[in-house]
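Let me begin by presenting the structure, written as structure tokens, before commenting on it.
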Amino acid sequence: MQASAVEIQKVNKYYGPFHALKDVDLSIPPGRVTCLIGPSGSGKSTLLRCMNFLEEYDSGEIRIDGKLIGYDAPGRRMAGRALREMRRSIGMVFQQFNLWPHMTARENVAEGLIRVRGLPKADASARAAEALAKVGLADKMENHPARLSGGQQQRVAIARAIAMEPRLMLFDEPTSALDPELVGEVLSVMKTLASEGMTMVVVTHEMGFAAHVADRVAFMERGELVAADTPDRILHQPQDPRIQSFLRTYHERNSF
Amino acid sequence: MDILHQYGPALLRGFGYTVLCWALGTVFAMALGLLIALLRHYGPRWLGWIIQVYIEVIRGTPFLVQLFVLYYGGPLIGLRLDALPAGLLGLTIYGSPYFAEIFRAGFRAVPLGQLEAARAIGMAEPAIVRRILLPLSMVSALPALINFSIILTKETVILSIITVPELMYEVSRMSAETFRFVEANLVLALFFWGLVEAISRLGRRFESRVTKHLIERT
Ligand SMILES: Nc1ncnc2c1ncn2[C@@H]1O[C@H](COP(=O)(O)OP(=O)(O)OP(=O)(O)O)[C@@H](O)[C@H]1O
Ligand SMILES: [Mg+2]
């Protein structure tokens with residue numbers, strides 16, 4: 001078996017007295033899609049954000065391609081420069097898109113290439129155009145975010161991440177802020193990315209996406225990682241009563 | 001008419017000094033205010049406390065008093081400045097805490113997610129400040145920055161008491177020599193009105209350019 005793209009071991013995270021992540025263990029296989037599911041407040045975003053150290057974890061280890069992120073050694077913080085170096089190869093897509101409103105779609109994508117990768121402006125701009133074409137936005141490149149639909153904004157955000165040529169992509173509920181009719185266009189971009197062998201970790205409430213696109217599904221509850229397995233075994237033959245009850249609620253809410 | 005003929009050049013020169021003091025003082029005060037806001041945002045806690053005290057002290061005392069202390073008290077500690085540099089330094093110090101607070105409020109209004117997006121792709125903090133934090137904080141800060149710059153135009157008249165030859169100084173001289181108080185002060189008012197009008201027009205134009213894409217249209 002290949003080494004994990006992300007190896008999470010005994011990770012704990014506290015918000016003050018609140019224990020948000022409890023001894024979480026999880027391996028993310030390379031070139032695969034892993035979906036993180038679970039009830040609201042279970043710690044999915046927290047865990048995802050620990051993977052690029054936007055959120056600090058208090059104990060345990062998170063290794064990206066074998067390299068510990070956030071710390072040089074347990075308990076000793078990594079230098080800012082080294083952390084930035086690691087983040088360059090980890091793309092992140094947020095629920096709220098978080099595009100920079102004062103820049104056009106193309107400038108949003110080019111920004112990281114210029115400031116982080118050090119590309120000349122013209123090269124960065126050309127690559128930005130390629131990335132935007134890839135997510136189907138060749139004709140919207142010069143629009144500012146305020147002049148794009150939610151689905152288009154999220155696709156720009158994906159282009160911004162993939163233009164950096166990451167080895168790992170993190171998605172935090174990428175379609176939750178979208179009108180239902182716009183969800184499809186974003187999911188289809190993500191499917192394409194998955195089919196190209198990108199390593200993806202996706203926090204989602206889209207069980208359909210988890211069932212059809214994910215190679216693995218991990219279920220969290222109350223800060224614990226309850227189970228991680230094939231979509232079939234988590235979504236169709238769940239053993240753990242906590243997963244069963246979560247899915248029951250989900251089906252009830254989504255049937256009419 | 002004779003009077004205008006006689007005092008016109010001095011008044012114009014005075015107005016020139018007023019504009020100069022205002023422009024430089026505003027730029028310096030804004031720069032110092034920005035520096036203070038950044039130090040407070042990124043610096044250690046103890047520095048924040050020192051800055052807080054500085055802000056309270058400067059905001060809690062009249063500009064006139066600060067200027068006296070600087071100009072007449074300065075030499076006692078070896079700080080001997082000519083009137084003009086002293087006036088500019090005074091304006092810089094006086095304006096800095098107000099600008100610092102405006103920038104601070106502007107920083108806080110920037111959505112955290114847009115900064116996180118920059119951190120997530122590995123941007124360094126100075127680049128984030130320049131490219132994301134500052135431009136986005138302008139949405140909320142710019143009107144206040146322009147407003148306080150306008151307030152500062154009128155604070156320049158206080159420089160006359162340490163003999164900076166700006167408009168107020170010339171107007172006082174004219175009225176003392178001619179006893180034409182009404183005319184002299186009318187001139188003063190007209191000049192200031194013109195200056196403020198020009199600044200606010202420029203400010204509005206600048207504001208609409210900077211925030212063009214930032215304000216959500218629905
Ligand atoms: N900055 C914070 N300070 C304090 N508590 C926090 C903070 N961020 C998250 N929490 C708490 O940690 C828990 C996990 O939050 P998290 O956002 O990871 O949940 P989630 O599984 O992503 O939920 P959702 O599906 O609603 O997005 C929640 O109970 C939340 O209240
Ligand atoms: Mg979440």
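Quick note on naming: the chains in the structure tokens go A, B, ... in the order shown, residues restart at 1 in each chain, and ligands are numbered from 1 in order of appearance.
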
**OP:** Counting only C-alpha atoms, collect the residues of chain B whose closest atom lies at most 12 Å from chain A, and write them out as a VMD selection string.
**Re:** chain B and resid 110 to 128 130 to 139 209 to 218

Subject >> Exercise answer, 8 Å around ligand 2 with only C-alpha atoms and all ligand atoms, as an MDAnalysis selection string >> reply: chainID A and resid 40:41 43:46 172:173 203

Include N, CA and C atoms and write out the residues we just selected as a tab-separated table (two decimals), in the first residue's frame.
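The result, stored in out-v2.tsv:
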```tsv
chain	number	residue	atom	x	y	z
A	40	SER	N	-23.86	18.54	12.38
A	40	SER	CA	-23.33	19.88	12.57
A	40	SER	C	-22.64	19.99	13.94
A	41	GLY	N	-21.49	20.62	13.95
A	41	GLY	CA	-20.76	20.79	15.20
A	41	GLY	C	-19.92	19.60	15.61
A	43	GLY	N	-17.12	18.64	14.30
A	43	GLY	CA	-15.69	18.90	14.20
A	43	GLY	C	-15.10	18.67	12.81
A	44	LYS	N	-15.96	18.54	11.80
A	44	LYS	CA	-15.47	18.29	10.44
A	44	LYS	C	-14.61	19.44	9.93
A	45	SER	N	-15.15	20.67	10.04
A	45	SER	CA	-14.38	21.83	9.57
A	45	SER	C	-13.10	21.98	10.36
A	46	THR	N	-13.21	21.77	11.66
A	46	THR	CA	-12.03	21.91	12.51
A	46	THR	C	-10.93	20.96	12.06
A	172	ASP	N	-14.33	22.60	2.14
A	172	ASP	CA	-15.22	22.68	3.30
A	172	ASP	C	-16.62	23.07	2.86
A	173	GLU	N	-17.47	22.09	2.74
A	173	GLU	CA	-18.85	22.30	2.30
A	173	GLU	C	-18.94	23.26	1.11
A	203	VAL	N	-15.44	17.96	3.00
A	203	VAL	CA	-16.49	17.99	4.02
A	203	VAL	C	-17.79	18.30	3.29
```

Original post:
Could you pull the residues within 12 Å of Ala227 of chain A, counting only C-alpha atoms, minus those fewer than 2 positions along the same chain, as a ChimeraX atom specification?
Top reply: /A:24-27,35-38,216-221,224-225,229-231,233-235,238-244

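The smallest atom-to-atom distance between ligand 1 and any of A:Asp23, A:Asp215, A:Glu56, A:Asp232, using only C-alpha atoms and all ligand atoms, is found for A:Glu56.
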